[in-house]
Amino acid sequence: MPNTIKSQLLKATENRDSSALLHISATPHLRSGSSVPTIMRQVLIALLPATAAALLFFQINALILIAVSISAAVLTEFFAAMLLKRPVSLHDYSAVVTGLLLALSLPPLTPWWMAAAGSVFAIAIFKVAFGGLGQNLLNPALAARALLLIVFYNTMTTGWTEPYLGTMAGVDSVSKATPLALFDELLLSGALETQYIQDSLIHLLIGNTGGSIGETSFLALLLGAAWLWTKKIISLRIPLTFILSFFVLTWLFHAHGDYFAPKALLIPVFQTCSGGLALAAFFMANDTTTSPITPFGKIIFGIGCGIFTFAIRQFTLLSEGVCFAILIMNMLKPLIEMYTKPKVFGHR
Amino acid sequence: MSKLFLFKGGITIPQSKEQISQTAIEPFPAPSKVIIPLLQHNGATAHPTVKRGDPVSIGQLIGEPSEHNSLAVHASVSGEVLSIGLFPHPNGRQILAVEIENNFKDDKAYIQPFDRPWQEAAPQELIQKIQQCGIAGMSGEGTPTHLKLSQPSNKTIHTVILNACESEPYIASDTRLLIEKTKNILNGFLILKKITGATRAVIAIDCRQQAVYQEVQSLITDLKNKDISVVKLKSKYPQGAEHQLIYTITKNAVPPDGSAVDAGCMVFSPSTSLAVHDAIIDGLPLYQRVISVNGSSVGAPKNYLVRLGTPIRTILDICKCDMTITKKVISGGPMTGITQSDLDAPVIKTTTGIFAYDKTTPAMQDYPCINCGQCVSVCPQNLVPSRIAKYVKHIQMKKAAEWNFSGCIECGACSYVCPSRINLVHFIKLAKCNASLSTNRSGSTR
């Protein structure tokens, strides 16, 4: 019997049509057509309104920063790939996204070489050295910004200028501070008026105020985030929990017992709209690689970002805390994922 | 009863059924030679009962069950046994099969139909008849139907579900059957309901298939049968998956390591119900089935009633499939089907469709995982496919087990959406395969 089987086997092999070699692959045989480059392109599209606002309000300064930052990031990625003898992965647009995000988080008067250095660090150290796309522990743009802040502390904290288009009414004297830094000053001296907050809120929403070039226009950032959300590229778990937890903490902290007074409500609104919280929450905390993948983990991550941002803004010398808050949570990401494994459907 | 039900996750594949579900079933010409594998389901191979040179008729037993989980096999053409040996099987292996040359006389040798109305028969008798006719789950899963029905008595079945969702895209064999053979399918379903002793019978229909809904609804109104209800389900893949279907209809979740009976349910496909009807009423063994032929290199999509054992090559030839541009041939559906290397592999009891594509999917992933979580949001089983795949890739099976790979139903939704085009299901299957191998190994050393 084994012999007949063997001869049958041989016969079956000989009969095989060698002209039609067919492709063998794992299931499924249909794919949606979405790819990493399409996602990155969508993120770039979503950043367009904020970039346009940056160019509008900070003009040549913004243009130089964005151009230098992106080209430095792309060139670093290219040379790193050459050096490491790896396939050049520029076509996935991730370097462009990193460069743009870094530029948008820089003060308008940052010298161009500083932006370039930041981009080189973001790609070479915080991305490629960790293993490239998808492997980095920290968000490259944020990590580079934190590095620049520490190394060039003076420039990074005083490099503000007023927007070239439409100045803030009534605050001419403070042309060299961000609204948030000014806010802190006024709050400490007790001179903070409800009217002032109301006035500056409008500027914060539109973006014609001091600040990093891409973070000033709350509405433009929101527009971009809404685009990504309708395209189902981002989930809103992280940004919403981030913003909400930060808002609630600030509200409780500043209310002093009178929770529904106009001032008690306006302070957290002001704080939420300023200091790059929207840029950070929607585009940096929500960076997929450096945030947890589990649905519940995303919520913990968002709340953690909110708590750390609040703590840094309130209790430290830094007036802008989002950057370090997100970096801290980035480092906690593997731990969060480990403890938030979803339960299998039907598990009791 | 037009409420839409839902389950978590899933994907929508747009416009996958419009054309194929409008195509009426045509009988496929009997081929001059069939190769009938003695294993056409999920279980053990049958023993051949014929020799080379034996004359056979349609429906004649040619393979008898060798073990409790093997299944009777019947001839699908009349003629002469050419040989018995190893032949290519759609699962990719070489499996014992009977090769029969067709003499086109179409002599029939059906088994005795049931001697009295089925309503008067005991469940055990009906199960025996189903076993004789060699019926297995025909929508791909391939469990022998008689085994499924002979559940241990400590588990009561309260609901039977007719799975008319057919969530696999570009396939409409069940949908067409429901339109054309509604009455027989319903009768088969009632027989199954009687055997299980269920009190509730639900027909689940994809909300896109309005024609099916009308057909079924009008017949039920005629029958005046109060036990049967029809529900429309939202079209989402994998709505037809057993766990998801049971949950959407009864809100009972099947435990991840359990089966449908643990939730008190049993799910049957329309084609299985039809086969049961034919077996009990007409004494017809399972020797033919309806398949959809579709795909980018097939000229016109068709639904065919095919004799089991018809080689895939013959079907593709008749469908004018251009083999010079075809890169991939699939037996089954495009989401869960198996790619074929040898087109002599035949249609078997579990083949729902034959697909030929002029494109391929990536063999290796295109990009590294960017942790985007798309796979998590579409997973109907609440898993993290990308994480499991990562651990399997680095051969950390313990870690992979911690992330519950065994809960995967292999629907393929994660691989479908993955922007890095990682073959996630493939890695999970590898993990499952490895797990079953290591349990076998440790079992033998003990």
# chains A, B, ... in the order shown; residues from 1 in each chain; ligands from 1
>>> interface_residues(of="chain A", to="chain B", cutoff="6 Å", atoms="only C-alpha atoms", output="ChimeraX atom specification")
/A:5,8-9,22-24,26-29,31-32,34-36,134,288-289,293,344-347
>>> residues_around(residues="A:Pro334", least_positions_apart="3", cutoff="9 Å", atoms="only C-alpha atoms", output="list in words")
Leu137, Ser291, Pro292, Asn330, Met331, Glu337, Met338 and Tyr339 of chain A
>>> residues_around(residues="A:Ala285", least_positions_apart="3", cutoff="10 Å", atoms="only C-alpha atoms", output="list of chain:residue names")
A:Asn139, A:Leu142, A:Ile238, A:Pro239, A:Phe242, A:Leu277, A:Ala278, A:Leu279, A:Ala280, A:Ala281, A:Phe282, A:Thr288, A:Thr289, A:Thr290, A:Ser291, A:Lys298, A:Phe301, A:Gly302, A:Cys305, A:Val322, A:Cys323, A:Ala325, A:Ile326, A:Leu327, A:Met329, A:Asn330
>>> select_by_dssp(residues="stretch 151-332 of chain B", states="strand (DSSP E)", output="PyMOL selection string")
chain B and resi 159-164+200-206+228-233+265-268+288-294+302-307+328-331
>>> write_last_selection(atoms="C-alpha atoms", output="JSON list (two decimals), in the first residue's frame")
[["chain", "number", "residue", "atom", "x", "y", "z"],
["B", 159, "THR", "CA", -32.31, 28.82, 20.24],
["B", 160, "VAL", "CA", -31.42, 27.65, 16.76],
["B", 161, "ILE", "CA", -30.20, 30.28, 14.34],
["B", 162, "LEU", "CA", -30.26, 30.11, 10.57],
["B", 163, "ASN", "CA", -27.19, 32.07, 9.55],
["B", 164, "ALA", "CA", -28.27, 33.83, 6.38],
["B", 200, "ARG", "CA", -36.91, 29.50, 19.51],
["B", 201, "ALA", "CA", -35.81, 29.66, 15.90],
["B", 202, "VAL", "CA", -34.29, 32.81, 14.45],
["B", 203, "ILE", "CA", -33.43, 33.54, 10.86],
["B", 204, "ALA", "CA", -30.69, 36.16, 10.71],
["B", 205, "ILE", "CA", -30.55, 38.13, 7.47],
["B", 206, "ASP", "CA", -28.12, 40.78, 6.30],
["B", 228, "ILE", "CA", -39.77, 31.32, 13.78],
["B", 229, "SER", "CA", -38.75, 34.95, 13.77],
["B", 230, "VAL", "CA", -36.71, 36.90, 11.26],
["B", 231, "VAL", "CA", -34.15, 39.54, 12.25],
["B", 232, "LYS", "CA", -32.28, 41.92, 10.02],
["B", 233, "LEU", "CA", -28.67, 42.46, 11.00],
["B", 265, "CYS", "CA", -27.51, 28.11, 20.77],
["B", 266, "MET", "CA", -26.80, 26.29, 17.56],
["B", 267, "VAL", "CA", -26.10, 27.98, 14.27],
["B", 268, "PHE", "CA", -26.77, 26.40, 10.88],
["B", 288, "GLN", "CA", -23.32, 18.49, -4.89],
["B", 289, "ARG", "CA", -23.33, 22.05, -3.56],
["B", 290, "VAL", "CA", -23.70, 25.66, -4.63],
["B", 291, "ILE", "CA", -20.57, 27.78, -4.94],
["B", 292, "SER", "CA", -19.91, 31.34, -6.04],
["B", 293, "VAL", "CA", -17.22, 31.87, -8.65],
["B", 294, "ASN", "CA", -15.83, 35.38, -8.52],
["B", 302, "LYS", "CA", -21.54, 33.05, -11.30],
["B", 303, "ASN", "CA", -23.35, 30.91, -8.78],
["B", 304, "TYR", "CA", -23.07, 27.27, -9.76],
["B", 305, "LEU", "CA", -24.54, 24.03, -8.50],
["B", 306, "VAL", "CA", -21.42, 21.89, -8.72],
["B", 307, "ARG", "CA", -20.79, 18.16, -8.25],
["B", 328, "LYS", "CA", -3.90, 33.70, -7.11],
["B", 329, "VAL", "CA", -6.67, 31.11, -6.83],
["B", 330, "ILE", "CA", -8.60, 30.72, -3.62],
["B", 331, "SER", "CA", -10.85, 27.94, -2.44]]
>>> residues_around(residues="stretch 109-111 of chain A", least_positions_apart="5", cutoff="8 Å", atoms="only C-alpha atoms", output="VMD selection string")
chain A and resid 61 65 155 to 156 159 to 161
>>> select_by_dssp(residues="stretch 91-317 of chain A", states="alpha helix (DSSP H)", output="ChimeraX atom specification")
/A:94-104,112-123,140-151,153-158,179-189,194-206,218-230,237-255,262-273,277-279,295-315
>>> residues_around(residues="A:Thr272", least_positions_apart="3", cutoff="8 Å", atoms="only C-alpha atoms", output="PyMOL selection string")
chain A and resi 243+246-247+268-269+275+277-278
>>> write_last_selection(atoms="all heavy atoms", output="JSON list (two decimals), in the first residue's frame")
[["chain", "number", "residue", "atom", "x", "y", "z"],
["A", 243, "ILE", "N", -7.51, 66.68, 27.74],
["A", 243, "ILE", "CA", -8.04, 68.04, 27.90],
["A", 243, "ILE", "C", -9.02, 68.12, 29.06],
["A", 243, "ILE", "O", -8.97, 69.03, 29.88],
["A", 243, "ILE", "CB", -8.70, 68.49, 26.57],
["A", 243, "ILE", "CG1", -7.62, 68.67, 25.51],
["A", 243, "ILE", "CG2", -9.49, 69.78, 26.76],
["A", 243, "ILE", "CD1", -8.13, 68.96, 24.13],
["A", 246, "PHE", "N", -7.28, 67.84, 32.49],
["A", 246, "PHE", "CA", -6.55, 69.09, 32.77],
["A", 246, "PHE", "C", -7.53, 70.21, 33.13],
["A", 246, "PHE", "O", -7.33, 70.95, 34.09],
["A", 246, "PHE", "CB", -5.72, 69.49, 31.55],
["A", 246, "PHE", "CG", -5.06, 70.82, 31.70],
["A", 246, "PHE", "CD1", -3.93, 70.96, 32.49],
["A", 246, "PHE", "CD2", -5.59, 71.94, 31.08],
["A", 246, "PHE", "CE1", -3.34, 72.20, 32.66],
["A", 246, "PHE", "CE2", -5.00, 73.18, 31.24],
["A", 246, "PHE", "CZ", -3.87, 73.31, 32.03],
["A", 247, "PHE", "N", -8.61, 70.30, 32.37],
["A", 247, "PHE", "CA", -9.61, 71.34, 32.60],
["A", 247, "PHE", "C", -10.20, 71.23, 34.00],
["A", 247, "PHE", "O", -10.26, 72.21, 34.75],
["A", 247, "PHE", "CB", -10.71, 71.21, 31.55],
["A", 247, "PHE", "CG", -11.78, 72.25, 31.63],
["A", 247, "PHE", "CD1", -11.66, 73.43, 30.92],
["A", 247, "PHE", "CD2", -12.89, 72.07, 32.44],
["A", 247, "PHE", "CE1", -12.65, 74.40, 31.00],
["A", 247, "PHE", "CE2", -13.87, 73.04, 32.52],
["A", 247, "PHE", "CZ", -13.74, 74.21, 31.80],
["A", 268, "PRO", "N", -9.80, 78.04, 33.68],
["A", 268, "PRO", "CA", -9.48, 76.77, 33.01],
["A", 268, "PRO", "C", -9.67, 76.83, 31.49],
["A", 268, "PRO", "O", -8.91, 76.20, 30.76],
["A", 268, "PRO", "CB", -10.45, 75.77, 33.65],
["A", 268, "PRO", "CG", -11.44, 76.56, 34.40],
["A", 268, "PRO", "CD", -10.80, 77.87, 34.73],
["A", 269, "VAL", "N", -10.66, 77.58, 31.02],
["A", 269, "VAL", "CA", -10.85, 77.70, 29.57],
["A", 269, "VAL", "C", -9.61, 78.34, 28.95],
["A", 269, "VAL", "O", -9.06, 77.86, 27.96],
["A", 269, "VAL", "CB", -12.11, 78.53, 29.24],
["A", 269, "VAL", "CG1", -12.18, 78.81, 27.74],
["A", 269, "VAL", "CG2", -13.36, 77.80, 29.69],
["A", 275, "GLY", "N", -0.87, 77.66, 25.52],
["A", 275, "GLY", "CA", 0.30, 76.84, 25.86],
["A", 275, "GLY", "C", 0.43, 75.59, 25.02],
["A", 275, "GLY", "O", 1.06, 74.61, 25.43],
["A", 277, "LEU", "N", -1.68, 73.31, 24.25],
["A", 277, "LEU", "CA", -2.35, 72.11, 24.74],
["A", 277, "LEU", "C", -3.06, 71.38, 23.60],
["A", 277, "LEU", "O", -3.02, 70.15, 23.52],
["A", 277, "LEU", "CB", -3.35, 72.48, 25.83],
["A", 277, "LEU", "CG", -3.89, 71.28, 26.60],
["A", 277, "LEU", "CD1", -2.86, 70.74, 27.55],
["A", 277, "LEU", "CD2", -5.15, 71.62, 27.35],
["A", 278, "ALA", "N", -3.69, 72.13, 22.71],
["A", 278, "ALA", "CA", -4.43, 71.49, 21.62],
["A", 278, "ALA", "C", -3.47, 70.76, 20.67],
["A", 278, "ALA", "O", -3.68, 69.61, 20.31],
["A", 278, "ALA", "CB", -5.24, 72.52, 20.84]]
>>> atom_distance(atom1="atom CA of B:Ser296", atom2="atom CA of A:Ser25")
16.9 Å
>>> residues_around(residues="A:Leu266", least_positions_apart="3", cutoff="9 Å", atoms="only C-alpha atoms", output="list in words")
Thr194, Ile197, Gln198, Leu201, Trp251, Ala261, Pro262, Lys263, Val269, Phe270 and Gln271 of chain A
>>> write_last_selection(atoms="C-alpha atoms", output="mmCIF file, in the first residue's frame")
data_model
loop_
_atom_site.group_PDB
_atom_site.id
_atom_site.type_symbol
_atom_site.label_atom_id
_atom_site.label_comp_id
_atom_site.auth_asym_id
_atom_site.auth_seq_id
_atom_site.Cartn_x
_atom_site.Cartn_y
_atom_site.Cartn_z
ATOM 1 C CA THR A 194 -11.936 88.632 34.075
ATOM 2 C CA ILE A 197 -9.089 86.807 30.099
ATOM 3 C CA GLN A 198 -12.135 87.311 27.907
ATOM 4 C CA LEU A 201 -9.423 84.215 24.730
ATOM 5 C CA TRP A 251 -11.012 74.467 37.496
ATOM 6 C CA ALA A 261 -18.128 82.333 39.148
ATOM 7 C CA PRO A 262 -17.206 83.668 35.665
ATOM 8 C CA LYS A 263 -13.582 83.893 36.637
ATOM 9 C CA VAL A 269 -10.849 77.696 29.568
ATOM 10 C CA PHE A 270 -7.960 80.095 29.091
ATOM 11 C CA GLN A 271 -5.454 77.546 30.324
#
>>> residues_around(residues="A:Val97", least_positions_apart="2", cutoff="8 Å", atoms="only C-alpha atoms", output="PDB file with N, CA, C and O atoms, in the first residue's frame")
ATOM      1  N   MET A  40       0.169  59.037   7.187  1.00  0.00           N
ATOM      2  CA  MET A  40       1.056  60.173   7.421  1.00  0.00           C
ATOM      3  C   MET A  40       0.630  61.372   6.556  1.00  0.00           C
ATOM      4  O   MET A  40       0.685  62.507   7.003  1.00  0.00           O
ATOM      5  N   VAL A  43      -2.186  63.022   8.229  1.00  0.00           N
ATOM      6  CA  VAL A  43      -1.743  63.833   9.360  1.00  0.00           C
ATOM      7  C   VAL A  43      -1.201  65.161   8.855  1.00  0.00           C
ATOM      8  O   VAL A  43      -1.482  66.225   9.421  1.00  0.00           O
ATOM      9  N   LEU A  44      -0.457  65.110   7.744  1.00  0.00           N
ATOM     10  CA  LEU A  44       0.078  66.350   7.171  1.00  0.00           C
ATOM     11  C   LEU A  44      -1.057  67.279   6.727  1.00  0.00           C
ATOM     12  O   LEU A  44      -1.025  68.486   6.968  1.00  0.00           O
ATOM     13  N   ILE A  70      11.838  70.722   8.473  1.00  0.00           N
ATOM     14  CA  ILE A  70      11.442  69.570   7.666  1.00  0.00           C
ATOM     15  C   ILE A  70      12.624  69.058   6.848  1.00  0.00           C
ATOM     16  O   ILE A  70      12.909  67.857   6.823  1.00  0.00           O
ATOM     17  N   TYR A  93       6.778  59.371   4.752  1.00  0.00           N
ATOM     18  CA  TYR A  93       6.409  60.726   5.194  1.00  0.00           C
ATOM     19  C   TYR A  93       6.573  60.956   6.694  1.00  0.00           C
ATOM     20  O   TYR A  93       6.226  62.021   7.191  1.00  0.00           O
ATOM     21  N   SER A  94       7.047  59.942   7.441  1.00  0.00           N
ATOM     22  CA  SER A  94       7.061  60.126   8.889  1.00  0.00           C
ATOM     23  C   SER A  94       8.082  61.188   9.294  1.00  0.00           C
ATOM     24  O   SER A  94       7.874  61.918  10.265  1.00  0.00           O
ATOM     25  N   ALA A  95       9.190  61.303   8.543  1.00  0.00           N
ATOM     26  CA  ALA A  95      10.186  62.329   8.857  1.00  0.00           C
ATOM     27  C   ALA A  95       9.614  63.722   8.644  1.00  0.00           C
ATOM     28  O   ALA A  95       9.881  64.649   9.415  1.00  0.00           O
ATOM     29  N   GLY A  99       9.373  66.608  11.459  1.00  0.00           N
ATOM     30  CA  GLY A  99       9.961  67.930  11.239  1.00  0.00           C
ATOM     31  C   GLY A  99       8.938  69.039  11.383  1.00  0.00           C
ATOM     32  O   GLY A  99       9.188  70.057  12.043  1.00  0.00           O
ATOM     33  N   LEU A 100       7.754  68.811  10.807  1.00  0.00           N
ATOM     34  CA  LEU A 100       6.719  69.841  10.871  1.00  0.00           C
ATOM     35  C   LEU A 100       6.245  70.052  12.311  1.00  0.00           C
ATOM     36  O   LEU A 100       6.088  71.189  12.768  1.00  0.00           O
ATOM     37  N   LEU A 101       6.044  68.946  13.022  1.00  0.00           N
ATOM     38  CA  LEU A 101       5.566  69.058  14.411  1.00  0.00           C
ATOM     39  C   LEU A 101       6.580  69.802  15.278  1.00  0.00           C
ATOM     40  O   LEU A 101       6.216  70.632  16.108  1.00  0.00           O
TER      41      LEU A 101
END
